[in-house]
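Trainee: Pasting in a structure now, in structure tokens, and then I'll have a few things to ask.
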Amino acid sequence: MQGVTGSIPVSPTILVSLRGKADNLDMVLITYPDGTGREFPDGAPVRDLLSGLPQGVRKKAVAVRIGKDLLDLRQQVMQGGDFRVITADDEEGLHVLRHSASHLMALAVQELFENVKFAIGPSIADGFYYDFLLNRSFTPDDLERIEKRMAEIRERGDLDFSREVMSREDAIALFGKMAQQFKVELISDLDCPTVSVYRLGTFTDLCTGPHVPDMKMLRHVKLLSLAGAYWRGDEKREMLQRIYGTAFFSAEDLSQDLERREEAKKRDHRKLGPQLGLFDIKDEAGGGLVFWYPNGYILREKIEEFWKAEHRKHGYEMIMTPHIAKSDLWKTSGHYDFYRENMFIIKTEEDQEFVLKPMNCPGHILVYKSELHSYRDLPIRYAELGTVYRNERSGTLHGLLRVRGFTQDDAHIFCTPEQLDAEVDACFDMADHILTTFGFREYKVELSVHDPNNMDKYAGSEEEWEMAESSLLKAIEKRGIPYKKMPGEAVFYGPKIDLKLIDAIGRGWQATTIQFDFNLPRRFDVTYVSREGNREYVYMIHRALLGSIERFIGTLTEHYAGLFPLWLAPVQVVVIPVGIAHHDYAGKCAEMLRNSGIRAECDLREEKLGFRIRASEIRKIPYMVICGDQEVENGTIDVRTKTKGRTGSKKITEFVAELVDEIDRKA
């Protein structure tokens with residue numbers, strides 16, 4: 001059964017192969033990480049499996065993993081397999097802790113407020129939340145009350161999580177009796193004979209678990225904020241109140257996280273975008289549609305110019321495909337059947353049906369198929385900054401990170417099997433060069449591969465999958481980069497690599513994807529003539545380096561807190577005359593800068609010098625040039641930077657040369 005209040009992500013672990021049931025059907029065989037095996041009675045308490053392990057491991061145990069199943073210590077062993085203890089040091093352990101904290105918060109809410117209806121309360125990447133329906137609005141003061149009650153519950157000393165498995169029908173009756181309509185709806189939608197519920201005091205929840213073995217582990221919890229959320233993300237359904245929180249195993253980790261969150265608030269691109277004149281989203285036009293202001297257009301233009309230049313260097317051909325196409329194209333691709341709810345569909349007066357394109361790939365395929373290609377023509381690399389449109393639900397939209405219209409830095413490579421390794425390797429090199437040029441020195445790599453025991457759900461042959469995955473793996477291992485391999489996580493049409501950027505305050509952001517596709521070449525009959533004269537399907541690689549221009553600019557804005565490197569800064573220099581007598585000289589300096597290709601402004605407002613300097617700092621302009629009596633007399637300028645303050649007096653020609661060099665180096 002899929003977790004309802006939250007699911008726990010799986011982290012990679014090196015384990016020996018699964019052994020499963022022992023020869024005695026009443027016993028199960030458990031294989032420990034060191035390769036040793038022990039038999040236990042079927043139904044034995046999970047805690048028994050910890051016997052014989054070091055005391056330090058037993059003390060830190062939060063849950064266990066047996067094969068693919070994640071269990072808490074109060075459950076019973078139902079099958080054998082590889083065994084691993086999940087401790088407070090594991091990422092999975094942190095998710096278990098936060099999942100448990102969401103239940104503790106729900107119990108506190110139940111004790112403090114009447115007639116509360118509970119929706120879902122999962123662990124998420126940086127904390128947890130729970131959604132509630134009640135007849136009053138939560139306030140910031142309520143968060144303090146709830147947090148205080150959580151501490152009181154934890155210290156009572158007589159509460160623990162208990163688990164019960166019951167039939168689906170009994171669970172519907174149980175939650176129906178409690179008037180919890182959201183739980184009844186969730187259970188009714190499940191396709192399974194039994195479900196599990198967890199109880200914590202008087203709070204009962206539909207949940208797969210696991211939960212912490214000791215309430216004392218929930219000491220370091222902080223409730224963070226309030227938000228609204230539609231039930232199941234559907235704006236036509238009930239509006240719920242969401243409480244966000246986070247939890248850690250130590251006070252130090254919690255303190256560091258809260259400091260990071262405060263820094264993240266200062267860097268929030270949704271605040272900095274309008275403040276710096278970059279972009280905004282207008283309610284009058286609709287959510288998820290971005291308006292680019294003059295400064296934002298310059299930033300976007302510089303990113304796109306660099307992107308295009310790099311692609312041309314690497315043998316890509318630029319193309320452009322329509323924003324709209326007949327629905328027949330999307331029926332051939334399969335998007336119409338499986339992705340229709342996320343597509344904008346238009347009917348014409350002539351009863352034709354068109355779709356605002358949600359993807360660029362079918363258009364690139366049509367360009368490829370405009371002529372017959374032989375193996376000598378390949379590889380062919382098409383690149384496009386293609387704007388696509390997706391009908392995202394209102395509740396999921398988030399600044400530039402989740403929008404309805406966005407520009408993918410898309411490319412598709414059509415190649416032969418023999419060219420795979422070189423093409424994937426080149427993609428990796430290109431991604432590394434572009435991302436590091438933008439200032440991202442660190443990233444995480446995830447490799448999604450197929451499940452060899454379930455090949456009937458995948459397009460392409462086993463041989464093709466192994467060849468594609470081998471190419472991806474070689475590119476990763478060649479660079480000695482740590483990576484997370486995720487068996488069975490590949491989508492049906494091909495394996496992929498994802499690169500997640502790590503920003504200035506340690507957060508991960510999705511960026512580069514290198515994705516194989518064995519589906520579309522077959523759907524569209526995309527072929528080439530082989531050396532032997534046969535028609536063969538091409539190997540097709542989808543590839544986006546920045547992800548999308550919108551998401552990347554959101555990431556970039558938060559990474560630099562709006563203070564972009566000189567080559568990207570929309571305004572690179574502001575010239576500030578001390579007084580009216582210095583206006584002419586300041587204007588000439590600004591003109592000289594602009595004639596050298598530098599984006600410069602001249603602040604001639606009749607405000608105090610300190611006010612104008614402060615205004616430039618707020619706008620996060622990299623350089624300020626001050627012109628007063630001494631500068632006019634000596635033919636110099638006084639230079640200040642946003643980060644270093646005053647750096648001294650110099651000739652304007654010297655300053656121009658330094659700026660041009662810094663811009664050219666993309667420092």
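Naming scheme: A, B, ... for chains in displayed order of the structure tokens; residues 1 onward per chain; ligands 1 onward as shown.
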As a PyMOL selection string, please: all residues of region 327-508 of chain A that backbone DSSP puts in strand (DSSP E).
Mentor: chain A and resi 344-347+353-356+380-389+405-415+443-449+483-487+496-502+508
Trainee: Can you pull out every residue within 9 Å of region 210-215 of chain A, counting only C-alpha atoms, but drop anything in the same chain fewer than 3 positions away, and send it as a PyMOL selection string?
Mentor: chain A and resi 8+61-63+70-75+93+96-100+154-155+157+159-161+198+207+218-219
Trainee: For each of A:Val575, A:His95, A:Leu546, A:Gly245, take the minimum atom-to-atom distance to Glu144 (chain A), counting only C-alpha atoms, then give the residue where this is smallest.
Mentor: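 Counting only C-alpha atoms, the residue closest to Glu144 (chain A) is A:Gly245.
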Trainee: What separation in Å, quoted to one decimal, exists between CA of Phe175 (chain A) and CA of Leu107 (chain A)?
Mentor: 15.5 Å
Trainee: From a DSSP pass on the backbone, collect the residues of region 411-605 of chain A flagged as alpha helix (DSSP H) and hand them back as number ranges by chain.
Mentor: A: 420-437, 462-478, 520-523, 549-559, 583-595
Trainee: Excluding region 249-264 of chain A and residues on its chain fewer than 2 positions from it, collect all residues at most 7 Å away from it, counting only C-alpha atoms, and give them as a PDB file with all heavy atoms, in the first residue's frame.
Mentor:
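Saved the output as around_9.pdb:
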ATOM      1  N   ALA A  88      19.813   7.319  13.449  1.00  0.00           N
ATOM      2  CA  ALA A  88      19.687   8.777  13.396  1.00  0.00           C
ATOM      3  C   ALA A  88      20.689   9.392  12.426  1.00  0.00           C
ATOM      4  O   ALA A  88      20.537  10.561  12.045  1.00  0.00           O
ATOM      5  CB  ALA A  88      19.874   9.364  14.791  1.00  0.00           C
ATOM      6  N   MET A 217      12.772  11.013  21.140  1.00  0.00           N
ATOM      7  CA  MET A 217      13.481  11.418  19.924  1.00  0.00           C
ATOM      8  C   MET A 217      12.887  12.694  19.314  1.00  0.00           C
ATOM      9  O   MET A 217      13.515  13.324  18.473  1.00  0.00           O
ATOM     10  CB  MET A 217      13.449  10.289  18.885  1.00  0.00           C
ATOM     11  CG  MET A 217      14.300   9.084  19.243  1.00  0.00           C
ATOM     12  SD  MET A 217      14.235   7.832  17.935  1.00  0.00           S
ATOM     13  CE  MET A 217      15.516   6.693  18.497  1.00  0.00           C
ATOM     14  N   HIS A 220      13.469  17.903  19.357  1.00  0.00           N
ATOM     15  CA  HIS A 220      13.980  19.059  18.608  1.00  0.00           C
ATOM     16  C   HIS A 220      13.097  19.303  17.385  1.00  0.00           C
ATOM     17  O   HIS A 220      13.444  18.981  16.253  1.00  0.00           O
ATOM     18  CB  HIS A 220      15.440  18.819  18.224  1.00  0.00           C
ATOM     19  CG  HIS A 220      16.282  18.395  19.383  1.00  0.00           C
ATOM     20  ND1 HIS A 220      16.536  19.220  20.456  1.00  0.00           N
ATOM     21  CD2 HIS A 220      16.901  17.206  19.649  1.00  0.00           C
ATOM     22  CE1 HIS A 220      17.290  18.580  21.331  1.00  0.00           C
ATOM     23  NE2 HIS A 220      17.522  17.361  20.868  1.00  0.00           N
ATOM     24  N   ALA A 247      12.118  18.924  12.018  1.00  0.00           N
ATOM     25  CA  ALA A 247      12.587  18.200  13.198  1.00  0.00           C
ATOM     26  C   ALA A 247      13.961  17.619  12.914  1.00  0.00           C
ATOM     27  O   ALA A 247      14.278  17.259  11.775  1.00  0.00           O
ATOM     28  CB  ALA A 247      11.603  17.085  13.567  1.00  0.00           C
ATOM     29  N   LYS A 266      15.950  35.725   2.935  1.00  0.00           N
ATOM     30  CA  LYS A 266      16.575  36.910   2.342  1.00  0.00           C
ATOM     31  C   LYS A 266      16.853  36.702   0.857  1.00  0.00           C
ATOM     32  O   LYS A 266      16.911  37.663   0.098  1.00  0.00           O
ATOM     33  CB  LYS A 266      17.897  37.226   3.060  1.00  0.00           C
ATOM     34  CG  LYS A 266      17.753  37.504   4.547  1.00  0.00           C
ATOM     35  CD  LYS A 266      19.122  37.661   5.191  1.00  0.00           C
ATOM     36  CE  LYS A 266      19.024  37.775   6.699  1.00  0.00           C
ATOM     37  NZ  LYS A 266      20.365  37.823   7.336  1.00  0.00           N
ATOM     38  N   ARG A 267      17.040  35.434   0.471  1.00  0.00           N
ATOM     39  CA  ARG A 267      17.408  35.114  -0.905  1.00  0.00           C
ATOM     40  C   ARG A 267      16.198  34.741  -1.764  1.00  0.00           C
ATOM     41  O   ARG A 267      16.368  34.450  -2.950  1.00  0.00           O
ATOM     42  CB  ARG A 267      18.396  33.938  -0.920  1.00  0.00           C
ATOM     43  CG  ARG A 267      19.723  34.251  -0.273  1.00  0.00           C
ATOM     44  CD  ARG A 267      20.550  32.987  -0.063  1.00  0.00           C
ATOM     45  NE  ARG A 267      21.870  33.304   0.479  1.00  0.00           N
ATOM     46  CZ  ARG A 267      22.969  33.419  -0.247  1.00  0.00           C
ATOM     47  NH1 ARG A 267      22.923  33.203  -1.558  1.00  0.00           N
ATOM     48  NH2 ARG A 267      24.115  33.706   0.319  1.00  0.00           N
ATOM     49  N   ASP A 268      15.014  34.727  -1.211  1.00  0.00           N
ATOM     50  CA  ASP A 268      13.830  34.255  -1.920  1.00  0.00           C
ATOM     51  C   ASP A 268      13.648  35.001  -3.239  1.00  0.00           C
ATOM     52  O   ASP A 268      13.452  36.222  -3.260  1.00  0.00           O
ATOM     53  CB  ASP A 268      12.598  34.449  -1.030  1.00  0.00           C
ATOM     54  CG  ASP A 268      11.357  33.751  -1.577  1.00  0.00           C
ATOM     55  OD1 ASP A 268      11.297  33.510  -2.801  1.00  0.00           O
ATOM     56  OD2 ASP A 268      10.450  33.452  -0.784  1.00  0.00           O
ATOM     57  N   ILE A 505      23.988  28.132   0.061  1.00  0.00           N
ATOM     58  CA  ILE A 505      23.650  27.768   1.444  1.00  0.00           C
ATOM     59  C   ILE A 505      23.295  26.288   1.562  1.00  0.00           C
ATOM     60  O   ILE A 505      22.612  25.864   2.497  1.00  0.00           O
ATOM     61  CB  ILE A 505      22.526  28.664   2.008  1.00  0.00           C
ATOM     62  CG1 ILE A 505      21.259  28.596   1.154  1.00  0.00           C
ATOM     63  CG2 ILE A 505      22.992  30.100   2.122  1.00  0.00           C
ATOM     64  CD1 ILE A 505      20.080  29.354   1.769  1.00  0.00           C
TER      65      ILE A 505
END
Trainee: As JSON, numbers by chain, please: the residues near region 661-663 of chain A (cut-off 12 Å, only C-alpha atoms, same-chain neighbours under 5 positions excluded).
Mentor: {"A": [302, 437, 564, 565, 566, 567, 568, 569, 572, 596, 597, 598, 599, 622, 654, 655, 656]}
Trainee: Mind checking which residues fall within 12 Å of Asp142 (chain A), counting only C-alpha atoms, ignoring those fewer than 6 positions away in the same chain, and posting them as a list in words?
Mentor: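 Those residues are Met105, Ala108, Val109, Leu112, Phe113, Arg136, Lys148, Arg149, Leu223, Leu224, Ser225, Leu226 and Ile243 of chain A.
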Trainee: Please identify all polymer residues within 9 Å of Val491 (chain A), counting only C-alpha atoms, omitting same-chain residues fewer than 2 positions from it, and present them as a PyMOL selection string.
Mentor: chain A and resi 448-450+458+488-489+493-496
Trainee: Keeping only N, CA and C atoms, write those residues as a PDB file, in the first residue's frame.
Mentor:
ATOM      1  N   SER A 448      18.931   6.930 -12.691  1.00  0.00           N
ATOM      2  CA  SER A 448      17.698   6.135 -12.662  1.00  0.00           C
ATOM      3  C   SER A 448      17.788   5.036 -13.712  1.00  0.00           C
ATOM      4  N   VAL A 449      17.702   3.778 -13.264  1.00  0.00           N
ATOM      5  CA  VAL A 449      17.845   2.630 -14.170  1.00  0.00           C
ATOM      6  C   VAL A 449      16.611   1.739 -14.087  1.00  0.00           C
ATOM      7  N   HIS A 450      16.555   0.756 -14.982  1.00  0.00           N
ATOM      8  CA  HIS A 450      15.374  -0.097 -15.076  1.00  0.00           C
ATOM      9  C   HIS A 450      15.423  -1.241 -14.078  1.00  0.00           C
ATOM     10  N   TYR A 458       8.701  -1.686 -20.002  1.00  0.00           N
ATOM     11  CA  TYR A 458       9.604  -0.717 -20.619  1.00  0.00           C
ATOM     12  C   TYR A 458       9.571  -0.798 -22.145  1.00  0.00           C
ATOM     13  N   GLY A 488      14.981   0.590 -10.817  1.00  0.00           N
ATOM     14  CA  GLY A 488      13.538   0.597 -10.971  1.00  0.00           C
ATOM     15  C   GLY A 488      12.912   1.971 -11.033  1.00  0.00           C
ATOM     16  N   GLU A 489      13.721   3.041 -10.901  1.00  0.00           N
ATOM     17  CA  GLU A 489      13.178   4.402 -10.885  1.00  0.00           C
ATOM     18  C   GLU A 489      13.141   5.042 -12.270  1.00  0.00           C
ATOM     19  N   TYR A 493      10.358   4.863 -20.761  1.00  0.00           N
ATOM     20  CA  TYR A 493      10.961   5.045 -22.082  1.00  0.00           C
ATOM     21  C   TYR A 493      12.474   5.166 -22.062  1.00  0.00           C
ATOM     22  N   GLY A 494      13.127   5.144 -20.882  1.00  0.00           N
ATOM     23  CA  GLY A 494      14.580   5.163 -20.906  1.00  0.00           C
ATOM     24  C   GLY A 494      15.223   5.568 -19.590  1.00  0.00           C
ATOM     25  N   PRO A 495      16.495   5.183 -19.379  1.00  0.00           N
ATOM     26  CA  PRO A 495      17.231   5.583 -18.179  1.00  0.00           C
ATOM     27  C   PRO A 495      17.684   7.032 -18.269  1.00  0.00           C
ATOM     28  N   LYS A 496      18.091   7.610 -17.145  1.00  0.00           N
ATOM     29  CA  LYS A 496      18.508   9.011 -17.174  1.00  0.00           C
ATOM     30  C   LYS A 496      19.472   9.329 -16.047  1.00  0.00           C
TER      31      LYS A 496
END
Trainee: Using only C-alpha atoms, what table do you get, as CSV, when you list each residue of region 318-362 of chain A with an atom no more than 9 Å from region 396-412 of chain A, its nearest pair of atoms, and their distance in Å rounded to one decimal, rows by chain then rising number?
Mentor:
residue,atom,partner,partner_atom,distance
A:Pro358,CA,A:Gly405,CA,9.0
A:Met359,CA,A:Gln408,CA,8.7
A:Asn360,CA,A:Asp410,CA,7.3
A:Cys361,CA,A:His412,CA,7.3
Trainee: Produce a file of the selected residues containing N, CA, C and O atoms, as an mmCIF file, in the first residue's frame.
Mentor:
data_model
loop_
_atom_site.group_PDB
_atom_site.id
_atom_site.type_symbol
_atom_site.label_atom_id
_atom_site.label_comp_id
_atom_site.auth_asym_id
_atom_site.auth_seq_id
_atom_site.Cartn_x
_atom_site.Cartn_y
_atom_site.Cartn_z
ATOM 1 N N PRO A 358 3.409 20.996 -24.754
ATOM 2 C CA PRO A 358 3.949 20.750 -23.414
ATOM 3 C C PRO A 358 5.394 20.251 -23.463
ATOM 4 O O PRO A 358 6.082 20.226 -22.446
ATOM 5 N N MET A 359 5.830 19.818 -24.640
ATOM 6 C CA MET A 359 7.181 19.282 -24.836
ATOM 7 C C MET A 359 7.702 19.753 -26.202
ATOM 8 O O MET A 359 6.919 20.035 -27.104
ATOM 9 N N ASN A 360 9.013 19.762 -26.347
ATOM 10 C CA ASN A 360 9.621 20.128 -27.627
ATOM 11 C C ASN A 360 9.972 18.921 -28.494
ATOM 12 O O ASN A 360 10.203 19.063 -29.701
ATOM 13 N N CYS A 361 10.029 17.731 -27.889
ATOM 14 C CA CYS A 361 10.584 16.577 -28.600
ATOM 15 C C CYS A 361 9.862 16.203 -29.898
ATOM 16 O O CYS A 361 10.527 15.948 -30.909
#
Trainee: List every residue of region 348-396 of chain A that has an atom at most 12 Å from any atom of region 550-557 of chain A, giving for each one its closest atom pair and the distance in Å to one decimal, counting only C-alpha atoms, sorted by chain and then by ascending residue number, as a tab-separated table.
Mentor:
residue	atom	partner	partner_atom	distance
A:Leu385	CA	A:Glu550	CA	11.4
A:Gly386	CA	A:Glu550	CA	11.9
A:Thr387	CA	A:Glu550	CA	10.3
A:Val388	CA	A:Glu550	CA	11.5
Trainee: Given the selection you just returned, output its residues as a file containing N, CA, C and O atoms, formatted as a tab-separated table (two decimals), in the first residue's frame.
Mentor:
chain	number	residue	atom	x	y	z
A	385	LEU	N	15.72	26.84	-27.52
A	385	LEU	CA	15.16	27.46	-26.32
A	385	LEU	C	13.66	27.53	-26.57
A	385	LEU	O	13.12	28.53	-27.04
A	386	GLY	N	12.99	26.42	-26.29
A	386	GLY	CA	11.60	26.24	-26.68
A	386	GLY	C	10.65	26.47	-25.53
A	386	GLY	O	10.73	25.78	-24.50
A	387	THR	N	9.74	27.41	-25.69
A	387	THR	CA	8.76	27.69	-24.64
A	387	THR	C	7.63	26.67	-24.70
A	387	THR	O	7.05	26.43	-25.77
A	388	VAL	N	7.32	26.08	-23.57
A	388	VAL	CA	6.26	25.07	-23.48
A	388	VAL	C	5.25	25.51	-22.42
A	388	VAL	O	5.53	26.38	-21.60
Trainee: So, counting only C-alpha atoms, which residue among A:Val578, A:Ile481, A:Val573, A:Ala171 is closest to Arg594 (chain A)?
Mentor: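 Smallest distance to Arg594 (chain A) is found for A:Val573.
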Trainee: Can you pull out the residues contacting Lys651 (chain A)? Cut-off 7 Å, using only C-alpha atoms, and skip same-chain residues under 6 positions away; I want them as a list in words.
Mentor: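 With the cut-off at 7 Å, the set is Gly635, Thr636 and Ile637 of chain A.
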Trainee: With distances taken over only C-alpha atoms, which of A:Tyr537, A:Tyr129, A:Phe248, A:Tyr528 is nearest to His373 (chain A)?
Mentor: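 That would be A:Tyr528, the residue with the smallest distance to His373 (chain A).
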Trainee: Which distance in Å separates CA of Val625 (chain A) and CA of Ala581 (chain A), to one decimal?
Mentor: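 Rounded to one decimal, the two atoms are 15.8 Å apart.
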Trainee: Rank nothing, just name the residue among A:Gln352, A:Ala667, A:Ala227, A:Thr653 nearest to Asn595 (chain A), using only C-alpha atoms.
Mentor: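 Of A:Gln352, A:Ala667, A:Ala227, A:Thr653, the one nearest Asn595 (chain A) is A:Thr653, counting only C-alpha atoms.
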